[in-house]
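Q: Hey, dropping query-v2.cif in here, mmCIF, C-alpha atoms:
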```
data_data
loop_
_atom_site.group_PDB
_atom_site.id
_atom_site.type_symbol
_atom_site.label_atom_id
_atom_site.label_comp_id
_atom_site.auth_asym_id
_atom_site.auth_seq_id
_atom_site.Cartn_x
_atom_site.Cartn_y
_atom_site.Cartn_z
ATOM 1 C CA MET A 1 83.494 129.046 115.403
ATOM 2 C CA ASP A 2 86.984 130.332 116.061
ATOM 3 C CA GLU A 3 89.161 132.341 113.659
ATOM 4 C CA THR A 4 91.016 129.277 112.338
ATOM 5 C CA GLN A 5 87.751 127.542 111.512
ATOM 6 C CA ARG A 6 86.388 130.662 109.802
ATOM 7 C CA LYS A 7 89.535 130.912 107.702
ATOM 8 C CA LEU A 8 89.441 127.215 106.747
ATOM 9 C CA LYS A 9 85.763 127.476 105.836
ATOM 10 C CA SER A 10 86.331 130.607 103.766
ATOM 11 C CA GLU A 11 89.339 129.204 101.892
ATOM 12 C CA THR A 12 87.594 125.892 101.278
ATOM 13 C CA GLU A 13 84.517 127.618 99.867
ATOM 14 C CA LYS A 14 86.689 129.854 97.677
ATOM 15 C CA TRP A 15 88.596 126.920 96.159
ATOM 16 C CA LEU A 16 85.460 124.814 95.867
ATOM 17 C CA GLU A 17 83.844 127.558 93.793
ATOM 18 C CA LYS A 18 86.924 127.752 91.559
ATOM 19 C CA LEU A 19 86.894 123.963 91.218
ATOM 20 C CA GLU A 20 83.247 124.018 90.145
ATOM 21 C CA GLU A 21 84.064 126.652 87.517
ATOM 22 C CA ARG A 22 86.975 124.580 86.200
ATOM 23 C CA LEU A 23 84.853 121.428 86.085
ATOM 24 C CA GLU A 24 82.344 123.118 83.772
ATOM 25 C CA SER A 25 84.823 122.767 80.905
ATOM 26 C CA ARG A 26 85.853 119.175 81.617
ATOM 27 C CA GLU A 27 84.447 115.891 80.366
ATOM 28 C CA GLU A 28 83.253 113.672 83.188
ATOM 29 C CA ASN A 29 84.039 110.434 81.362
ATOM 30 C CA VAL A 30 87.822 110.874 81.653
ATOM 31 C CA GLU A 31 89.507 108.116 83.642
ATOM 32 C CA GLN A 32 90.005 109.155 87.270
ATOM 33 C CA MET A 33 87.515 112.031 86.945
ATOM 34 C CA GLU A 34 85.197 110.099 89.270
ATOM 35 C CA ASN A 35 87.771 110.680 92.015
ATOM 36 C CA VAL A 36 87.735 114.430 91.422
ATOM 37 C CA LEU A 37 83.949 114.433 91.633
ATOM 38 C CA ALA A 38 83.933 112.212 94.726
ATOM 39 C CA TYR A 39 86.356 114.506 96.571
ATOM 40 C CA ARG A 40 84.292 117.518 95.482
ATOM 41 C CA ASP A 41 81.181 115.854 96.900
ATOM 42 C CA ASP A 42 83.088 114.991 100.074
ATOM 43 C CA THR A 43 83.989 118.662 100.416
ATOM 44 C CA TYR A 44 80.303 119.622 100.464
ATOM 45 C CA HIS A 45 79.578 116.872 102.986
ATOM 46 C CA PHE A 46 82.352 117.947 105.350
ATOM 47 C CA LEU A 47 81.323 121.603 105.068
ATOM 48 C CA ASP A 48 77.778 120.610 106.046
ATOM 49 C CA GLN A 49 79.199 118.702 109.013
ATOM 50 C CA LYS A 50 81.348 121.725 109.956
ATOM 51 C CA ASP A 51 84.436 119.532 109.647
ATOM 52 C CA PHE A 52 86.521 122.240 108.020
ATOM 53 C CA ILE A 53 89.853 120.435 108.117
ATOM 54 C CA ARG A 54 88.509 117.444 106.194
ATOM 55 C CA ALA A 55 86.619 119.771 103.837
ATOM 56 C CA TRP A 56 89.870 121.612 103.060
ATOM 57 C CA GLU A 57 91.711 118.333 102.536
ATOM 58 C CA ALA A 58 89.013 117.043 100.183
ATOM 59 C CA VAL A 59 88.991 120.141 97.985
ATOM 60 C CA ILE A 60 92.791 120.082 97.783
ATOM 61 C CA TYR A 61 92.771 116.404 96.801
ATOM 62 C CA ALA A 62 90.198 117.163 94.098
ATOM 63 C CA TRP A 63 92.396 119.973 92.755
ATOM 64 C CA GLY A 64 95.476 117.779 92.822
ATOM 65 C CA ILE A 65 93.851 115.023 90.811
ATOM 66 C CA LEU A 66 92.281 117.476 88.356
ATOM 67 C CA GLU A 67 95.549 119.303 87.731
ATOM 68 C CA THR A 68 97.380 116.006 87.302
ATOM 69 C CA LEU A 69 94.836 114.922 84.678
ATOM 70 C CA GLU A 70 95.236 118.261 82.909
ATOM 71 C CA ARG A 71 99.026 118.018 82.882
ATOM 72 C CA LEU A 72 98.840 114.477 81.536
ATOM 73 C CA GLY A 73 96.714 115.778 78.648
ATOM 74 C CA LYS A 74 93.664 113.678 79.525
ATOM 75 C CA PHE A 75 91.203 116.313 78.325
ATOM 76 C CA ASP A 76 90.313 117.319 74.794
ATOM 77 C CA ASN A 77 91.895 120.775 74.443
ATOM 78 C CA SER A 78 89.114 121.940 72.128
ATOM 79 C CA SER A 79 86.645 121.636 75.020
ATOM 80 C CA GLU A 80 88.688 123.797 77.371
ATOM 81 C CA LYS A 81 87.214 127.180 78.096
ATOM 82 C CA ASN A 82 89.927 128.672 80.269
ATOM 83 C CA ASN A 83 92.932 126.411 79.724
ATOM 84 C CA ASN A 84 94.158 127.056 83.285
ATOM 85 C CA LYS A 85 94.202 130.840 82.878
ATOM 86 C CA GLY A 86 94.050 132.836 86.046
ATOM 87 C CA THR A 87 94.527 129.945 88.419
ATOM 88 C CA SER A 88 96.822 129.851 91.336
ATOM 89 C CA LYS A 89 97.562 127.166 93.820
ATOM 90 C CA PRO A 90 95.556 126.889 97.027
ATOM 91 C CA LEU A 91 97.476 128.058 100.109
#
```
Output the structure of this file as structure tokens.
A:
Amino acid sequence: MDETQRKLKSETEKWLEKLEERLESREENVEQMENVLAYRDDTYHFLDQKDFIRAWEAVIYAWGILETLERLGKFDNSSEKNNNKGTSKPL
């Protein structure tokens, strides 16, 4: 594994962990949430396959959909634990 692959793997795993933490406070029955979960699952699959570019893309897509749902107010605010505190954008 070269340096670029190591970096992609590391960044993907970092943002995947943050995504998992964020998902703990979200209802799964929200419209379009199935896409977030599918891209999250794809991320794990691509990591297992050592396809780090596709893994990175999948985790970024999951984040993009999740943040769009949050900004559109699709989640019940009373169920939020962190309310987007301490997040920053991936690369």
Q: Could you tell me how far CA of Thr4 (chain A) sits from CA of Leu37 (chain A), in Å to one decimal place?
A: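 For CA of Leu37 (chain A) relative to CA of Thr4 (chain A), the distance reads 26.4 Å.
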Q: Give as a PyMOL selection string the residues that the PyMOL selection byres ((chain A and resi 53) around 10) matches when applied to the coordinates above.
A: chain A and resi 4-5+8-9+12+43+46-47+50-52+54-58
Q: Evaluate the PyMOL selection byres ((chain A and resi 60) around 12) against this structure - the residues, as JSON, numbers by chain, please.
A: {"A": [8, 11, 12, 13, 14, 15, 16, 18, 19, 36, 39, 40, 42, 43, 53, 54, 55, 56, 57, 58, 59, 61, 62, 63, 64, 65, 66, 67, 89, 90, 91]}
Q: Could you name the residues that touch region 68-73 of chain A at 9 Å or less, counting only C-alpha atoms, but leaving out those on the same chain fewer than 6 positions away, as a PyMOL selection string?
A: chain A and resi 30-33+84
Q: Tell me which of A:Phe75, A:Asp41, A:Ser10, A:Asp2 sits closest to Glu28 (chain A), counting all atoms listed in the file.
A: A:Phe75
Q: Please indicate the distance in Å from CA of Asn29 (chain A) to CA of Gln49 (chain A), rounded to one decimal place.
A: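 If I compute the distance from CA of Asn29 (chain A) to CA of Gln49 (chain A), I get 29.3 Å.
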Q: Can you tell me how far CA of Arg26 (chain A) sits from CA of Asp76 (chain A), in Å to one decimal?
A: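 So the two atoms, CA of Arg26 (chain A) and CA of Asp76 (chain A), lie 8.4 Å apart.
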Q: Mind working out the centre and edge lengths of an axis-aligned box for region 42-47 of chain A, all listed atoms inside, 8 Å added to each side, rounded to one decimal in Å and written as JSON?
A:
```
{"center_x": 81.8, "center_y": 118.3, "center_z": 102.7, "size_x": 20.4, "size_y": 22.6, "size_z": 21.3}
```
Q: So which one's closest to Lys74 (chain A), A:Met1, A:Glu27, A:Arg6, A:Glu20? Using all atoms listed in the file, please.
A: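 Closest residue, counting all atoms listed in the file: A:Glu27.
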